[in-house]
file structure_16.cif (mmCIF, C-alpha atoms, pLDDT in the B column; chains and numbers go by the auth columns)
data_my_file
loop_
_atom_site.group_PDB
_atom_site.id
_atom_site.type_symbol
_atom_site.label_atom_id
_atom_site.label_comp_id
_atom_site.label_asym_id
_atom_site.label_seq_id
_atom_site.Cartn_x
_atom_site.Cartn_y
_atom_site.Cartn_z
_atom_site.B_iso_or_equiv
_atom_site.auth_seq_id
_atom_site.auth_asym_id
ATOM 1 C CA MET A 1 -18.186 -7.893 15.998 41.00 24 T
ATOM 2 C CA THR A 2 -19.357 -9.605 19.170 40.00 25 T
ATOM 3 C CA LYS A 3 -18.754 -13.254 19.906 40.00 26 T
ATOM 4 C CA GLN A 4 -22.482 -13.945 19.713 41.00 27 T
ATOM 5 C CA ALA A 5 -22.712 -12.372 16.262 44.00 28 T
ATOM 6 C CA SER A 6 -19.648 -14.238 14.985 45.00 29 T
ATOM 7 C CA ASN A 7 -21.234 -17.592 15.950 49.00 30 T
ATOM 8 C CA ARG A 8 -24.447 -16.882 14.073 54.00 31 T
ATOM 9 C CA HIS A 9 -25.036 -18.634 10.753 59.00 32 T
ATOM 10 C CA PHE A 10 -25.735 -16.166 7.974 58.00 33 T
ATOM 11 C CA SER A 11 -27.547 -17.045 4.763 61.00 34 T
ATOM 12 C CA PRO A 12 -26.071 -16.021 1.378 58.00 35 T
ATOM 13 C CA LEU A 13 -28.633 -13.196 1.274 61.00 36 T
ATOM 14 C CA ASP A 14 -27.550 -12.034 4.763 61.00 37 T
ATOM 15 C CA ASN A 15 -23.926 -11.989 3.632 58.00 38 T
ATOM 16 C CA LEU A 16 -24.798 -10.067 0.477 57.00 39 T
ATOM 17 C CA VAL A 17 -26.726 -7.426 2.440 62.00 40 T
ATOM 18 C CA MET A 18 -23.828 -7.068 4.890 61.00 41 T
ATOM 19 C CA GLN A 19 -21.329 -6.679 2.053 62.00 42 T
ATOM 20 C CA VAL A 20 -23.461 -3.991 0.407 64.00 43 T
ATOM 21 C CA ASP A 21 -23.767 -2.202 3.751 62.00 44 T
ATOM 22 C CA THR A 22 -19.985 -2.379 4.232 65.00 45 T
ATOM 23 C CA GLY A 23 -19.388 -0.993 0.764 62.00 46 T
ATOM 24 C CA LEU A 24 -21.741 1.927 1.306 60.00 47 T
ATOM 25 C CA ARG A 25 -20.164 2.707 4.671 63.00 48 T
ATOM 26 C CA THR A 26 -16.667 2.521 3.194 65.00 49 T
ATOM 27 C CA LEU A 27 -17.432 4.854 0.299 66.00 50 T
ATOM 28 C CA PHE A 28 -20.041 7.228 1.682 62.00 51 T
ATOM 29 C CA GLY A 29 -20.467 6.787 5.423 64.00 52 T
ATOM 30 C CA LYS A 30 -18.669 5.885 8.625 71.00 53 T
ATOM 31 C CA PRO A 31 -17.301 2.330 8.589 66.00 54 T
ATOM 32 C CA SER A 32 -17.117 0.243 11.742 68.00 55 T
ATOM 33 C CA ILE A 33 -13.804 0.795 13.546 68.00 56 T
ATOM 34 C CA THR A 34 -11.984 -0.785 16.484 69.00 57 T
ATOM 35 C CA GLU A 35 -11.468 0.616 19.950 73.00 58 T
ATOM 36 C CA ARG A 36 -8.109 2.213 19.086 81.00 59 T
ATOM 37 C CA ALA A 37 -7.445 5.934 19.310 86.00 60 T
ATOM 38 C CA ASN A 38 -6.191 7.954 16.355 89.00 61 T
ATOM 39 C CA PRO A 39 -2.353 8.062 16.607 90.00 62 T
ATOM 40 C CA GLU A 40 -2.317 11.757 15.685 90.00 63 T
ATOM 41 C CA ASP A 41 -4.119 12.607 18.925 86.00 64 T
ATOM 42 C CA SER A 42 -0.917 11.917 20.876 86.00 65 T
ATOM 43 C CA VAL A 43 1.252 14.464 19.005 87.00 66 T
ATOM 44 C CA ASN A 44 1.193 18.201 18.356 87.00 67 T
ATOM 45 C CA GLU A 45 0.786 19.744 14.924 85.00 68 T
ATOM 46 C CA GLY A 46 4.014 21.118 13.443 83.00 69 T
ATOM 47 C CA GLN A 47 4.494 24.185 11.273 88.00 70 T
ATOM 48 C CA LEU A 48 4.007 23.287 7.598 90.00 71 T
ATOM 49 C CA SER A 49 4.464 25.416 4.489 93.00 72 T
ATOM 50 C CA ALA A 50 1.752 25.514 1.822 92.00 73 T
ATOM 51 C CA SER A 51 3.755 23.137 -0.411 93.00 74 T
ATOM 52 C CA GLU A 52 4.360 20.711 2.463 94.00 75 T
ATOM 53 C CA LYS A 53 0.639 20.650 3.289 92.00 76 T
ATOM 54 C CA ASP A 54 -0.217 20.090 -0.366 93.00 77 T
ATOM 55 C CA LEU A 55 2.193 17.155 -0.670 94.00 78 T
ATOM 56 C CA ALA A 56 1.032 15.625 2.610 93.00 79 T
ATOM 57 C CA GLY A 57 -2.599 15.952 1.550 93.00 80 T
ATOM 58 C CA ARG A 58 -1.943 14.187 -1.740 94.00 81 T
ATOM 59 C CA LEU A 59 0.012 11.381 -0.074 94.00 82 T
ATOM 60 C CA MET A 60 -2.648 10.883 2.587 93.00 83 T
ATOM 61 C CA ARG A 61 -5.253 10.755 -0.207 94.00 84 T
ATOM 62 C CA ILE A 62 -3.244 7.937 -1.788 93.00 85 T
ATOM 63 C CA ASN A 63 -3.154 6.104 1.530 91.00 86 T
ATOM 64 C CA HIS A 64 -6.890 6.614 2.012 91.00 87 T
ATOM 65 C CA SER A 65 -7.612 5.136 -1.424 90.00 88 T
ATOM 66 C CA GLY A 66 -5.305 2.258 -0.602 87.00 89 T
ATOM 67 C CA GLU A 67 -7.396 1.560 2.477 85.00 90 T
ATOM 68 C CA VAL A 68 -10.590 1.733 0.412 86.00 91 T
ATOM 69 C CA ALA A 69 -9.068 -0.853 -1.925 85.00 92 T
ATOM 70 C CA ALA A 70 -7.915 -2.968 1.035 81.00 93 T
ATOM 71 C CA GLN A 71 -11.432 -2.929 2.431 80.00 94 T
ATOM 72 C CA GLY A 72 -12.776 -4.140 -0.906 82.00 95 T
ATOM 73 C CA LEU A 73 -10.099 -6.820 -1.058 80.00 96 T
ATOM 74 C CA TYR A 74 -10.899 -8.157 2.397 77.00 97 T
ATOM 75 C CA GLN A 75 -14.652 -8.066 1.791 77.00 98 T
ATOM 76 C CA GLY A 76 -14.252 -9.965 -1.466 79.00 99 T
ATOM 77 C CA GLN A 77 -12.071 -12.577 0.171 74.00 100 T
ATOM 78 C CA ALA A 78 -14.426 -12.957 3.132 70.00 101 T
ATOM 79 C CA LEU A 79 -17.204 -13.772 0.663 72.00 102 T
ATOM 80 C CA THR A 80 -15.308 -16.716 -0.804 70.00 103 T
ATOM 81 C CA ALA A 81 -13.023 -17.859 2.046 64.00 104 T
ATOM 82 C CA LYS A 82 -13.647 -21.520 2.725 64.00 105 T
ATOM 83 C CA LEU A 83 -12.457 -21.934 6.331 63.00 106 T
ATOM 84 C CA PRO A 84 -14.297 -20.077 9.153 66.00 107 T
ATOM 85 C CA GLU A 85 -11.024 -19.207 10.909 66.00 108 T
ATOM 86 C CA VAL A 86 -9.683 -17.657 7.703 64.00 109 T
ATOM 87 C CA ARG A 87 -12.867 -15.630 7.297 63.00 110 T
ATOM 88 C CA ALA A 88 -12.567 -14.451 10.912 67.00 111 T
ATOM 89 C CA LYS A 89 -8.982 -13.271 10.321 66.00 112 T
ATOM 90 C CA MET A 90 -10.118 -11.395 7.212 66.00 113 T
ATOM 91 C CA GLU A 91 -12.916 -9.692 9.142 67.00 114 T
ATOM 92 C CA ARG A 92 -10.627 -8.532 11.968 69.00 115 T
ATOM 93 C CA ALA A 93 -8.026 -7.259 9.501 69.00 116 T
ATOM 94 C CA ALA A 94 -10.762 -5.432 7.579 70.00 117 T
ATOM 95 C CA GLN A 95 -11.901 -3.693 10.763 74.00 118 T
ATOM 96 C CA GLU A 96 -8.338 -2.553 11.495 75.00 119 T
ATOM 97 C CA GLU A 97 -8.097 -1.258 7.913 78.00 120 T
ATOM 98 C CA ASN A 98 -11.206 0.791 8.707 83.00 121 T
ATOM 99 C CA ASP A 99 -9.217 2.467 11.477 87.00 122 T
ATOM 100 C CA HIS A 100 -6.697 3.494 8.835 88.00 123 T
ATOM 101 C CA LEU A 101 -9.490 4.696 6.586 87.00 124 T
ATOM 102 C CA ASN A 102 -10.888 6.868 9.358 88.00 125 T
ATOM 103 C CA TRP A 103 -7.485 8.262 10.384 92.00 126 T
ATOM 104 C CA CYS A 104 -6.506 9.110 6.807 92.00 127 T
ATOM 105 C CA GLU A 105 -9.807 10.845 6.091 91.00 128 T
ATOM 106 C CA GLN A 106 -9.534 12.946 9.240 91.00 129 T
ATOM 107 C CA ARG A 107 -6.000 13.980 8.314 93.00 130 T
ATOM 108 C CA ILE A 108 -7.027 14.753 4.733 94.00 131 T
ATOM 109 C CA ASN A 109 -9.716 17.107 6.030 92.00 132 T
ATOM 110 C CA GLU A 110 -7.226 18.802 8.337 93.00 133 T
ATOM 111 C CA LEU A 111 -4.858 19.364 5.415 93.00 134 T
ATOM 112 C CA GLY A 112 -7.625 21.033 3.414 92.00 135 T
ATOM 113 C CA THR A 113 -7.956 18.581 0.554 93.00 136 T
ATOM 114 C CA HIS A 114 -10.367 15.800 -0.467 92.00 137 T
ATOM 115 C CA THR A 115 -10.552 12.033 -0.782 90.00 138 T
ATOM 116 C CA SER A 116 -10.160 10.544 -4.262 91.00 139 T
ATOM 117 C CA TYR A 117 -13.044 10.823 -6.706 89.00 140 T
ATOM 118 C CA LEU A 118 -12.029 7.400 -8.011 89.00 141 T
ATOM 119 C CA ASN A 119 -12.598 5.487 -4.761 88.00 142 T
ATOM 120 C CA PRO A 120 -15.670 3.556 -6.047 88.00 143 T
ATOM 121 C CA VAL A 121 -13.513 2.191 -8.886 88.00 144 T
ATOM 122 C CA TRP A 122 -10.840 0.984 -6.468 86.00 145 T
ATOM 123 C CA TYR A 123 -13.365 -0.518 -4.068 85.00 146 T
ATOM 124 C CA PHE A 124 -15.436 -2.567 -6.508 86.00 147 T
ATOM 125 C CA GLY A 125 -12.378 -3.606 -8.492 85.00 148 T
ATOM 126 C CA SER A 126 -10.774 -4.856 -5.291 83.00 149 T
ATOM 127 C CA VAL A 127 -13.919 -6.755 -4.267 83.00 150 T
ATOM 128 C CA ALA A 128 -13.728 -8.642 -7.571 84.00 151 T
ATOM 129 C CA ILE A 129 -10.003 -9.336 -7.147 81.00 152 T
ATOM 130 C CA GLY A 130 -10.470 -10.456 -3.543 80.00 153 T
ATOM 131 C CA ALA A 131 -13.349 -12.777 -4.416 80.00 154 T
ATOM 132 C CA THR A 132 -11.306 -14.298 -7.247 81.00 155 T
ATOM 133 C CA ALA A 133 -8.342 -14.850 -4.916 75.00 156 T
ATOM 134 C CA GLY A 134 -10.676 -16.484 -2.408 73.00 157 T
ATOM 135 C CA LEU A 135 -12.064 -18.833 -5.041 79.00 158 T
ATOM 136 C CA ALA A 136 -8.525 -19.950 -5.870 77.00 159 T
ATOM 137 C CA GLY A 137 -8.231 -21.318 -2.331 78.00 160 T
ATOM 138 C CA ASP A 138 -7.466 -20.021 1.126 78.00 161 T
ATOM 139 C CA LYS A 139 -3.692 -20.450 0.841 82.00 162 T
ATOM 140 C CA TRP A 140 -3.618 -18.255 -2.281 83.00 163 T
ATOM 141 C CA SER A 141 -6.080 -15.798 -0.803 79.00 164 T
ATOM 142 C CA LEU A 142 -3.893 -15.415 2.278 83.00 165 T
ATOM 143 C CA GLY A 143 -0.786 -15.220 0.112 85.00 166 T
ATOM 144 C CA PHE A 144 -2.411 -12.390 -1.813 82.00 167 T
ATOM 145 C CA VAL A 145 -3.078 -10.565 1.460 82.00 168 T
ATOM 146 C CA ALA A 146 0.530 -11.007 2.575 85.00 169 T
ATOM 147 C CA GLU A 147 1.973 -9.692 -0.688 87.00 170 T
ATOM 148 C CA THR A 148 -0.483 -6.786 -0.744 84.00 171 T
ATOM 149 C CA GLU A 149 0.539 -5.790 2.767 86.00 172 T
ATOM 150 C CA HIS A 150 4.242 -6.081 1.962 88.00 173 T
ATOM 151 C CA GLN A 151 3.778 -3.708 -0.969 87.00 174 T
ATOM 152 C CA VAL A 152 1.768 -1.315 1.214 88.00 175 T
ATOM 153 C CA VAL A 153 4.602 -1.231 3.768 90.00 176 T
ATOM 154 C CA ARG A 154 7.014 -0.218 1.008 90.00 177 T
ATOM 155 C CA HIS A 155 4.630 2.568 -0.072 89.00 178 T
ATOM 156 C CA LEU A 156 4.357 3.796 3.505 93.00 179 T
ATOM 157 C CA ASP A 157 8.139 3.880 3.836 93.00 180 T
ATOM 158 C CA SER A 158 8.280 5.966 0.675 93.00 181 T
ATOM 159 C CA HIS A 159 5.684 8.401 2.003 93.00 182 T
ATOM 160 C CA LEU A 160 7.460 8.715 5.345 94.00 183 T
ATOM 161 C CA ASN A 161 10.583 9.701 3.434 93.00 184 T
ATOM 162 C CA GLN A 162 8.687 12.358 1.461 93.00 185 T
ATOM 163 C CA ILE A 163 6.603 14.200 4.027 93.00 186 T
ATOM 164 C CA SER A 164 8.022 16.981 6.176 92.00 187 T
ATOM 165 C CA GLU A 165 9.773 16.082 9.429 92.00 188 T
ATOM 166 C CA ASN A 166 7.483 18.683 11.005 93.00 189 T
ATOM 167 C CA ASP A 167 4.326 16.838 9.937 93.00 190 T
ATOM 168 C CA HIS A 168 4.080 14.966 13.219 94.00 191 T
ATOM 169 C CA LYS A 169 0.415 14.033 12.840 93.00 192 T
ATOM 170 C CA SER A 170 0.729 12.446 9.395 94.00 193 T
ATOM 171 C CA ARG A 171 3.886 10.641 10.469 94.00 194 T
ATOM 172 C CA ALA A 172 2.182 9.203 13.578 94.00 195 T
ATOM 173 C CA ILE A 173 -0.644 7.829 11.434 94.00 196 T
ATOM 174 C CA LEU A 174 1.667 6.352 8.804 94.00 197 T
ATOM 175 C CA GLU A 175 3.917 4.722 11.403 93.00 198 T
ATOM 176 C CA GLN A 176 0.952 2.971 13.047 92.00 199 T
ATOM 177 C CA MET A 177 -0.402 1.916 9.658 91.00 200 T
ATOM 178 C CA LYS A 178 2.994 0.472 8.755 91.00 201 T
ATOM 179 C CA GLU A 179 3.056 -1.555 11.968 90.00 202 T
ATOM 180 C CA ASP A 180 -0.469 -2.861 11.374 87.00 203 T
ATOM 181 C CA GLU A 181 0.144 -3.786 7.736 87.00 204 T
ATOM 182 C CA GLY A 182 3.272 -5.703 8.644 88.00 205 T
ATOM 183 C CA HIS A 183 1.290 -7.570 11.300 85.00 206 T
ATOM 184 C CA HIS A 184 -1.467 -8.411 8.815 82.00 207 T
ATOM 185 C CA ALA A 185 1.122 -9.859 6.430 86.00 208 T
ATOM 186 C CA THR A 186 2.619 -12.003 9.198 86.00 209 T
ATOM 187 C CA VAL A 187 -0.800 -13.258 10.294 81.00 210 T
ATOM 188 C CA ALA A 188 -1.694 -14.187 6.701 81.00 211 T
ATOM 189 C CA LEU A 189 1.546 -16.125 6.215 84.00 212 T
ATOM 190 C CA ASN A 190 1.257 -17.893 9.574 83.00 213 T
ATOM 191 C CA ALA A 191 -2.305 -18.892 8.684 77.00 214 T
ATOM 192 C CA GLY A 192 -1.010 -20.771 5.642 81.00 215 T
ATOM 193 C CA GLY A 193 -0.558 -18.126 2.970 81.00 216 T
ATOM 194 C CA ALA A 194 1.428 -19.258 -0.067 82.00 217 T
ATOM 195 C CA GLU A 195 4.136 -17.252 -1.830 84.00 218 T
ATOM 196 C CA LEU A 196 2.676 -15.789 -5.022 84.00 219 T
ATOM 197 C CA PRO A 197 4.327 -16.355 -8.415 83.00 220 T
ATOM 198 C CA ALA A 198 6.597 -13.521 -9.566 86.00 221 T
ATOM 199 C CA PRO A 199 4.370 -12.474 -12.530 86.00 222 T
ATOM 200 C CA ILE A 200 1.417 -11.913 -10.166 84.00 223 T
ATOM 201 C CA LYS A 201 3.578 -9.832 -7.814 84.00 224 T
ATOM 202 C CA LYS A 202 4.713 -7.758 -10.788 85.00 225 T
ATOM 203 C CA PHE A 203 1.137 -7.219 -11.963 83.00 226 T
ATOM 204 C CA MET A 204 0.106 -6.152 -8.456 80.00 227 T
ATOM 205 C CA SER A 205 2.974 -3.653 -8.344 83.00 228 T
ATOM 206 C CA LEU A 206 2.068 -2.177 -11.739 85.00 229 T
ATOM 207 C CA SER A 207 -1.601 -1.882 -10.743 81.00 230 T
ATOM 208 C CA SER A 208 -0.578 -0.108 -7.565 82.00 231 T
ATOM 209 C CA LYS A 209 1.458 2.411 -9.549 83.00 232 T
ATOM 210 C CA VAL A 210 -1.520 3.186 -11.791 85.00 233 T
ATOM 211 C CA MET A 211 -3.706 3.806 -8.745 82.00 234 T
ATOM 212 C CA THR A 212 -1.054 5.924 -7.022 86.00 235 T
ATOM 213 C CA LYS A 213 -0.478 8.225 -9.996 86.00 236 T
ATOM 214 C CA SER A 214 -4.219 8.638 -10.586 89.00 237 T
ATOM 215 C CA VAL A 215 -5.114 9.371 -6.971 90.00 238 T
ATOM 216 C CA TYR A 216 -2.236 11.837 -6.551 86.00 239 T
ATOM 217 C CA ARG A 217 -4.109 14.116 -8.977 85.00 240 T
ATOM 218 C CA LEU A 218 -7.719 13.018 -8.465 84.00 241 T
#

call {"tool": "encode", "arguments": {"input": "structure_16.cif", "output": "structure tokens"}}
result
Amino acid sequence: MTKQASNRHFSPLDNLVMQVDTGLRTLFGKPSITERANPEDSVNEGQLSASEKDLAGRLMRINHSGEVAAQGLYQGQALTAKLPEVRAKMERAAQEENDHLNWCEQRINELGTHTSYLNPVWYFGSVAIGATAGLAGDKWSLGFVAETEHQVVRHLDSHLNQISENDHKSRAILEQMKEDEGHHATVALNAGGAELPAPIKKFMSLSSKVMTKSVYRL
């Protein structure tokens, strides 16, 4: 987003149209990405067995769906964020998540599998959750982002431990995603994010497990 565009005042209808456009791009098109190169471009493909490719494809599908959900979360929060600087942080983080979305989809195609058929469910559900978090106040919205990113980092660590050491391309993508997610969590906390109550963290973890098990197969 250019500086000129970020200073423009958008009406509620403008914002709604932009959110719909973002959703359609996330689910069916090419979302707006940053200037960064795909991390896999800097490494060579390793030799993978059929079972290693299958596992990597399923894990990258999980990560892709996680990025779809993250995009929905950020879009929902941007709709209800009260402070302009908070909304700006959400928008930049959402664009970096689009990088992840693009990288994961490219790797999924290379591994010969498909993105999850359930992605629309994760996206629209996350928009609702993000908007609700935003309505609760910016400190809780940012706290929700931080906890989400912390849980994503743990998932990425798990996936890095599961995929083949020879899968250099998937590993390069996951390592960069892990770095970005950790940064997003730090930014959210530094911007005033509050620590979430333990029951909410537990619910988020259980929801993540449901999504992970579903996407692994679908």

call {"tool": "resolve_selection", "arguments": {"input": "structure_16.cif", "expression": "the PyMOL selection byres ((chain T and resi 206) around 12)", "output": "PyMOL selection string"}}
result
chain T and resi 112+115-116+119-120+168-169+172-173+175-176+199-205+207-213

call {"tool": "write_last_selection", "arguments": {"input": "structure_16.cif", "atoms": "C-alpha atoms", "output": "PDB file, in the coordinates of the input"}}
result
ATOM      1  CA  LYS T 112      -8.982 -13.271  10.321  1.00 66.00           C
ATOM      2  CA  ARG T 115     -10.627  -8.532  11.968  1.00 69.00           C
ATOM      3  CA  ALA T 116      -8.026  -7.259   9.501  1.00 69.00           C
ATOM      4  CA  GLU T 119      -8.338  -2.553  11.495  1.00 75.00           C
ATOM      5  CA  GLU T 120      -8.097  -1.258   7.913  1.00 78.00           C
ATOM      6  CA  VAL T 168      -3.078 -10.565   1.460  1.00 82.00           C
ATOM      7  CA  ALA T 169       0.530 -11.007   2.575  1.00 85.00           C
ATOM      8  CA  GLU T 172       0.539  -5.790   2.767  1.00 86.00           C
ATOM      9  CA  HIS T 173       4.242  -6.081   1.962  1.00 88.00           C
ATOM     10  CA  VAL T 175       1.768  -1.315   1.214  1.00 88.00           C
ATOM     11  CA  VAL T 176       4.602  -1.231   3.768  1.00 90.00           C
ATOM     12  CA  GLN T 199       0.952   2.971  13.047  1.00 92.00           C
ATOM     13  CA  MET T 200      -0.402   1.916   9.658  1.00 91.00           C
ATOM     14  CA  LYS T 201       2.994   0.472   8.755  1.00 91.00           C
ATOM     15  CA  GLU T 202       3.056  -1.555  11.968  1.00 90.00           C
ATOM     16  CA  ASP T 203      -0.469  -2.861  11.374  1.00 87.00           C
ATOM     17  CA  GLU T 204       0.144  -3.786   7.736  1.00 87.00           C
ATOM     18  CA  GLY T 205       3.272  -5.703   8.644  1.00 88.00           C
ATOM     19  CA  HIS T 207      -1.467  -8.411   8.815  1.00 82.00           C
ATOM     20  CA  ALA T 208       1.122  -9.859   6.430  1.00 86.00           C
ATOM     21  CA  THR T 209       2.619 -12.003   9.198  1.00 86.00           C
ATOM     22  CA  VAL T 210      -0.800 -13.258  10.294  1.00 81.00           C
ATOM     23  CA  ALA T 211      -1.694 -14.187   6.701  1.00 81.00           C
ATOM     24  CA  LEU T 212       1.546 -16.125   6.215  1.00 84.00           C
ATOM     25  CA  ASN T 213       1.257 -17.893   9.574  1.00 83.00           C
TER      26      ASN T 213
END

call {"tool": "residues_around", "arguments": {"input": "structure_16.cif", "residues": "T:Ala151", "least_positions_apart": "4", "cutoff": "9 Å", "atoms": "all atoms listed in the file", "output": "JSON, numbers by chain"}}
result
{"T": [95, 96, 99, 100, 146, 147, 155, 156]}

call {"tool": "axis_aligned_box", "arguments": {"input": "structure_16.cif", "around": "stretch 144-148 of chain T", "padding_each_side": "3 Å", "output": "JSON"}}
result
{"center_x": -13.1, "center_y": -0.7, "center_z": -6.5, "size_x": 10.6, "size_y": 11.8, "size_z": 10.8}

call {"tool": "closest_residue", "arguments": {"input": "structure_16.cif", "among": "T:Arg59, T:His191, T:His178, T:Arg240", "to": "T:Trp126", "atoms": "only C-alpha atoms"}}
result
T:Arg59

call {"tool": "resolve_selection", "arguments": {"input": "structure_16.cif", "expression": "the PyMOL selection byres ((chain T and resi 87) around 9)", "output": "ChimeraX atom specification"}}
result
/T:82-86,88-92,123-128,131,138-139,142

call {"tool": "closest_residue", "arguments": {"input": "structure_16.cif", "among": "T:Thr103, T:Asn189, T:Gln118, T:Leu197", "to": "T:Glu58", "atoms": "all atoms listed in the file"}}
result
T:Gln118

call {"tool": "closest_residue", "arguments": {"input": "structure_16.cif", "among": "T:Ala93, T:Met227, T:Leu141, T:Leu71", "to": "T:Tyr239", "atoms": "only C-alpha atoms"}}
result
T:Leu141

call {"tool": "closest_residue", "arguments": {"input": "structure_16.cif", "among": "T:Gly69, T:Gly215, T:Ser228, T:Tyr140", "to": "T:Lys162", "atoms": "only C-alpha atoms"}}
result
T:Gly215

call {"tool": "closest_residue", "arguments": {"input": "structure_16.cif", "among": "T:Ala117, T:Lys236, T:Leu219, T:Arg130", "to": "T:Arg194", "atoms": "only C-alpha atoms"}}
result
T:Arg130

call {"tool": "atom_distance", "arguments": {"input": "structure_16.cif", "atom1": "atom CA of T:Leu102", "atom2": "atom CA of T:Val238"}}
result
27.2 Å

call {"tool": "atom_distance", "arguments": {"input": "structure_16.cif", "atom1": "atom CA of T:Gln94", "atom2": "atom CA of T:Asp190"}}
result
26.4 Å

call {"tool": "atom_distance", "arguments": {"input": "structure_16.cif", "atom1": "atom CA of T:Ala217", "atom2": "atom CA of T:Asp161"}}
result
9.0 Å

call {"tool": "closest_residue", "arguments": {"input": "structure_16.cif", "among": "T:Leu241, T:Lys53, T:Ala79, T:Pro62", "to": "T:Glu188", "atoms": "all atoms listed in the file"}}
result
T:Ala79

call {"tool": "resolve_selection", "arguments": {"input": "structure_16.cif", "expression": "the PyMOL selection byres ((chain T and resi 192) around 7)", "output": "number ranges by chain"}}
result
T: 63, 66-68, 190-191, 193-196

call {"tool": "residues_around", "arguments": {"input": "structure_16.cif", "residues": "stretch 73-78 of chain T", "least_positions_apart": "5", "cutoff": "9 Å", "atoms": "only C-alpha atoms", "output": "PyMOL selection string"}}
result
chain T and resi 83+134-136+185-187+190
